[in-house]
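Colleague: Okay, so here is entry.cif, and as you'll see once you scroll down, it has mmCIF, C-alpha atoms.
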data_final
loop_
_atom_site.label_atom_id
_atom_site.label_comp_id
_atom_site.auth_asym_id
_atom_site.auth_seq_id
_atom_site.Cartn_x
_atom_site.Cartn_y
_atom_site.Cartn_z
CA MET A 9 -141.20 -114.15 -3.31
CA SER A 10 -142.07 -117.06 -1.09
CA ALA A 11 -145.16 -119.22 -1.48
CA ALA A 12 -146.47 -117.99 1.86
CA GLU A 13 -145.90 -114.25 1.38
CA PRO A 14 -148.97 -112.59 2.89
CA SER A 15 -149.39 -109.93 0.19
CA CYS A 16 -149.58 -112.60 -2.54
CA GLU A 17 -152.11 -114.62 -0.57
CA LYS A 18 -154.19 -111.49 0.07
CA THR A 19 -154.04 -110.53 -3.61
CA ALA A 20 -155.19 -114.01 -4.65
CA LEU A 21 -157.89 -114.20 -1.98
CA ASP A 22 -159.26 -110.74 -2.87
CA PHE A 23 -159.26 -111.72 -6.54
CA ALA A 24 -161.03 -115.02 -5.75
CA GLY A 25 -163.75 -113.10 -3.92
CA ARG A 26 -164.34 -110.85 -6.95
CA TRP A 27 -164.25 -113.91 -9.24
CA VAL A 28 -166.91 -115.77 -7.25
CA ASP A 29 -169.05 -112.62 -6.97
CA ARG A 30 -169.05 -112.12 -10.74
CA TRP A 31 -169.88 -115.78 -11.37
CA ASN A 32 -172.74 -115.60 -8.89
CA ALA A 33 -174.03 -112.43 -10.60
CA HIS A 34 -173.87 -114.29 -13.94
CA ASP A 35 -171.84 -111.31 -15.17
CA ILE A 36 -170.14 -112.64 -18.30
CA GLU A 37 -168.44 -109.35 -19.16
CA GLY A 38 -167.32 -108.98 -15.54
CA ILE A 39 -165.80 -112.47 -15.63
CA LEU A 40 -164.02 -111.71 -18.89
CA ALA A 41 -162.65 -108.49 -17.41
CA LEU A 42 -160.75 -110.68 -14.93
CA VAL A 43 -159.01 -112.76 -17.60
CA SER A 44 -156.39 -111.81 -20.17
CA ASP A 45 -157.30 -111.42 -23.84
CA ASP A 46 -155.36 -114.60 -24.62
CA ILE A 47 -156.85 -116.68 -21.78
CA LEU A 48 -156.43 -120.44 -21.96
CA TRP A 49 -159.38 -122.11 -20.21
CA GLN A 50 -159.50 -125.87 -19.67
CA ASP A 51 -162.51 -127.70 -18.26
CA PRO A 52 -163.47 -131.40 -18.40
CA SER A 53 -166.69 -130.42 -20.18
CA LEU A 54 -164.80 -128.85 -23.09
CA GLU A 55 -163.57 -130.93 -26.01
CA SER A 56 -160.58 -128.60 -26.31
CA PRO A 57 -159.48 -125.59 -24.27
CA ALA A 58 -161.27 -122.28 -24.77
CA ARG A 59 -158.75 -119.76 -26.07
CA GLY A 60 -159.27 -116.01 -25.92
CA HIS A 61 -162.29 -113.95 -24.96
CA VAL A 62 -164.57 -115.13 -27.77
CA GLU A 63 -164.30 -118.82 -26.85
CA ALA A 64 -164.30 -118.06 -23.10
CA ARG A 65 -167.49 -116.01 -23.52
CA GLU A 66 -169.14 -118.91 -25.39
CA TYR A 67 -168.13 -121.35 -22.66
CA VAL A 68 -169.36 -119.19 -19.76
CA ALA A 69 -172.62 -118.32 -21.56
CA SER A 70 -173.27 -122.03 -22.23
CA LEU A 71 -172.95 -122.75 -18.49
CA PHE A 72 -175.44 -120.02 -17.59
CA ARG A 73 -177.88 -121.26 -20.26
CA ALA A 74 -177.66 -124.88 -19.09
CA PHE A 75 -177.71 -124.09 -15.36
CA PRO A 76 -179.50 -120.73 -14.98
CA ASP A 77 -179.58 -120.98 -11.18
CA ILE A 78 -175.94 -122.02 -10.75
CA SER A 79 -174.10 -120.47 -7.82
CA TRP A 80 -170.63 -120.85 -6.37
CA SER A 81 -169.01 -120.65 -2.99
CA MET A 82 -165.42 -120.78 -1.87
CA PRO A 83 -165.36 -123.34 0.98
CA SER A 84 -161.77 -122.59 1.97
CA GLY A 85 -158.93 -120.21 1.21
CA VAL A 86 -156.54 -120.33 -1.69
CA CYS A 87 -153.07 -121.85 -2.08
CA VAL A 88 -150.52 -119.58 -3.72
CA SER A 89 -147.04 -119.92 -5.20
CA SER A 90 -144.95 -117.98 -7.68
CA VAL A 91 -144.01 -119.39 -11.07
CA GLU A 92 -140.30 -120.17 -11.30
CA GLY A 93 -138.43 -117.94 -13.71
CA HIS A 94 -141.14 -115.28 -13.87
CA GLY A 95 -139.98 -113.15 -10.96
CA ASP A 96 -142.81 -111.27 -9.31
CA GLY A 97 -145.05 -111.25 -12.37
CA ILE A 98 -146.99 -114.54 -12.18
CA LEU A 99 -148.80 -116.28 -9.34
CA ARG A 100 -150.04 -119.82 -9.44
CA VAL A 101 -153.22 -120.18 -7.40
CA ALA A 102 -155.32 -123.18 -6.41
CA GLN A 103 -158.87 -122.04 -5.67
CA PRO A 104 -161.21 -124.66 -4.19
CA TRP A 105 -164.88 -124.16 -5.02
CA ALA A 106 -168.30 -125.67 -4.57
CA CYS A 107 -171.27 -125.06 -6.82
CA ARG A 108 -174.88 -126.01 -7.03
CA GLY A 109 -177.56 -125.62 -9.62
CA THR A 110 -180.16 -127.34 -11.74
CA ALA A 111 -179.92 -128.66 -15.31
CA LEU A 112 -182.74 -126.48 -16.69
CA GLY A 113 -181.34 -125.60 -20.13
CA GLN A 114 -179.79 -127.42 -23.06
CA ILE A 115 -176.27 -128.59 -22.28
CA ASP A 116 -173.99 -127.54 -25.15
CA PRO A 117 -171.90 -129.14 -26.32
CA PRO A 118 -173.11 -131.75 -27.21
CA GLY A 119 -176.76 -130.72 -26.96
CA PHE A 120 -178.23 -132.79 -24.12
CA ALA A 121 -181.81 -131.92 -23.20
CA PRO A 122 -182.46 -130.39 -19.79
CA THR A 123 -183.05 -133.02 -17.10
CA GLY A 124 -184.34 -130.72 -14.37
CA LYS A 125 -181.97 -132.43 -11.94
CA ALA A 126 -180.30 -130.47 -9.16
CA PHE A 127 -176.65 -131.00 -8.35
CA GLU A 128 -173.92 -130.07 -5.93
CA LEU A 129 -170.31 -130.31 -7.04
CA GLU A 130 -166.87 -129.57 -5.59
CA GLY A 131 -163.67 -128.92 -7.46
CA VAL A 132 -160.58 -126.78 -7.67
CA ASP A 133 -159.44 -124.30 -10.28
CA LEU A 134 -155.75 -123.84 -10.95
CA TRP A 135 -154.96 -120.31 -12.10
CA GLU A 136 -151.99 -118.49 -13.50
CA MET A 137 -152.44 -114.84 -12.58
CA CYS A 138 -150.48 -111.95 -14.07
CA LEU A 139 -149.82 -109.72 -11.09
CA PRO A 140 -149.41 -106.33 -12.74
CA GLU A 141 -152.86 -106.58 -14.38
CA LYS A 142 -154.38 -108.92 -11.76
CA ARG A 143 -155.92 -110.95 -14.56
CA LEU A 144 -155.87 -114.68 -15.21
CA ARG A 145 -153.97 -115.98 -18.19
CA GLN A 146 -154.88 -119.61 -17.53
CA VAL A 147 -157.74 -121.43 -15.78
CA VAL A 148 -157.71 -125.22 -15.41
CA SER A 149 -160.78 -126.68 -13.71
CA HIS A 150 -160.65 -130.04 -11.94
CA TYR A 151 -163.74 -131.96 -10.82
CA ASP A 152 -165.28 -135.41 -11.20
CA ALA A 153 -167.06 -134.95 -14.54
CA LEU A 154 -168.41 -138.51 -14.60
CA GLU A 155 -170.02 -138.14 -11.18
CA PHE A 156 -171.41 -134.76 -12.25
CA ALA A 157 -172.97 -136.41 -15.33
CA ARG A 158 -174.53 -139.05 -13.08
CA ARG A 159 -175.98 -136.41 -10.73
CA ILE A 160 -177.80 -134.65 -13.55
CA GLU A 161 -178.76 -137.99 -15.17
CA LEU A 162 -176.67 -137.70 -18.32
CA MET A 163 -175.08 -141.00 -17.30
CA PRO A 164 -176.80 -143.91 -15.55
CA SER A 165 -176.17 -144.40 -11.86
CA ARG A 166 -173.67 -147.00 -10.67
CA GLY A 167 -175.02 -150.55 -10.76
CA SER A 168 -178.23 -149.54 -12.54
CA LYS A 169 -179.85 -151.33 -15.47
CA GLY A 170 -178.75 -148.43 -17.66
CA GLU A 171 -175.12 -148.86 -16.65
CA ARG A 172 -175.29 -152.62 -17.29
CA ALA A 173 -176.79 -151.92 -20.74
CA MET A 174 -173.94 -149.49 -21.51
CA VAL A 175 -171.40 -152.14 -20.47
CA ARG A 176 -173.01 -154.69 -22.81
CA LEU A 177 -172.98 -152.16 -25.70
CA GLN A 178 -169.34 -151.30 -25.08
CA ARG A 179 -168.36 -154.98 -25.03
CA LEU A 180 -170.30 -155.61 -28.23
CA LYS A 181 -168.61 -152.64 -29.89
CA GLU A 182 -165.17 -153.97 -28.93
CA ARG A 183 -166.00 -157.48 -30.19
CA LEU A 184 -167.16 -156.06 -33.51
CA ARG A 185 -164.10 -153.83 -33.79
CA ARG A 186 -161.73 -156.81 -33.79
#
Please go through the file and, once you have read it, give me the structure as structure tokens.
Modeller:
Amino acid sequence: MSAAEPSCEKTALDFAGRWVDRWNAHDIEGILALVSDDILWQDPSLESPARGHVEAREYVASLFRAFPDISWSMPSGVCVSSVEGHGDGILRVAQPWACRGTALGQIDPPGFAPTGKAFELEGVDLWEMCLPEKRLRQVVSHYDALEFARRIELMPSRGSKGERAMVRLQRLKERLRR
């Protein structure tokens, strides 16, 4: 199977459309129906990967609680390749996305208070998809988490008094550590 085989690209693109639709519907069970029972989900906001449906459900539910108006779009197509040594059974997919929302709920973990700040964010998810079941066995999200934190005011903006204060605290901590 070549990376550009049309049927693989169509399968991945159709799946991506269902994926985005279920996220936009805030359909947790629908999202989980698209991932394997032993899903491995990595996101910069997670301290460690979410493993399995229980942890994936907690992760997705925490996003919808923190950002109840969050919505996604797919600004471009997907990039698809097969996984070496797995024959026709596994596709590797890069799915670019954009999302927007407002920090209206508590952000767990670690428990930040809602800021009421709106955001727009772009990223890409890397998937491993099992073709026979058309379910994801791995999701790895990539986006600029520091910039996201700045946009919703969990981190001070660049060059601000708050950022300068954080720099001074970090330097003091390092001096005391020695």
Colleague: Excluding Cys87 of chain A and any residue of its chain fewer than 5 positions from it, enumerate the residues within 7 Å of it, using all atoms listed in the file, and give them as number ranges by chain.
Modeller: A: 101-103
Colleague: One number please: atom CA of Lys125 of chain A to atom CA of Met82 of chain A, in Å, one decimal.
Modeller: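 Pair atom CA of Lys125 of chain A / atom CA of Met82 of chain A returns 22.6 Å.
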Colleague: Would you write out, as a list in words, every residue that the PyMOL selection byres ((chain A and resi 61-77) around 6) captures in this file?
Modeller: Asp45, Ala58, Arg59, Gly60, Ile78, Gly109, Thr110, Ala111, Leu112, Gly113, Gln114 and Ile115 of chain A
Colleague: Quick one: pull the distance between atom CA of Pro52 of chain A and atom CA of Lys169 of chain A, Å, one decimal.
Modeller: 26.0 Å
Colleague: Identify all residues satisfying the PyMOL selection byres ((chain A and resi 131-139) around 9) in the given file; provide them as a PyMOL selection string.
Modeller: chain A and resi 19-20+43-44+91+96-107+129-130+140-152
Colleague: Taking all atoms listed in the file into account, which of A:Asp29, A:Glu155, A:Glu161, A:Asp22 comes nearest Ser79 of chain A?
Modeller: A:Asp29
Colleague: One decimal, Å: what's the distance from atom CA of Leu54 of chain A over to atom CA of Leu177 of chain A, could you say?
Modeller: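 So the two atoms, atom CA of Leu54 of chain A and atom CA of Leu177 of chain A, lie 24.8 Å apart.
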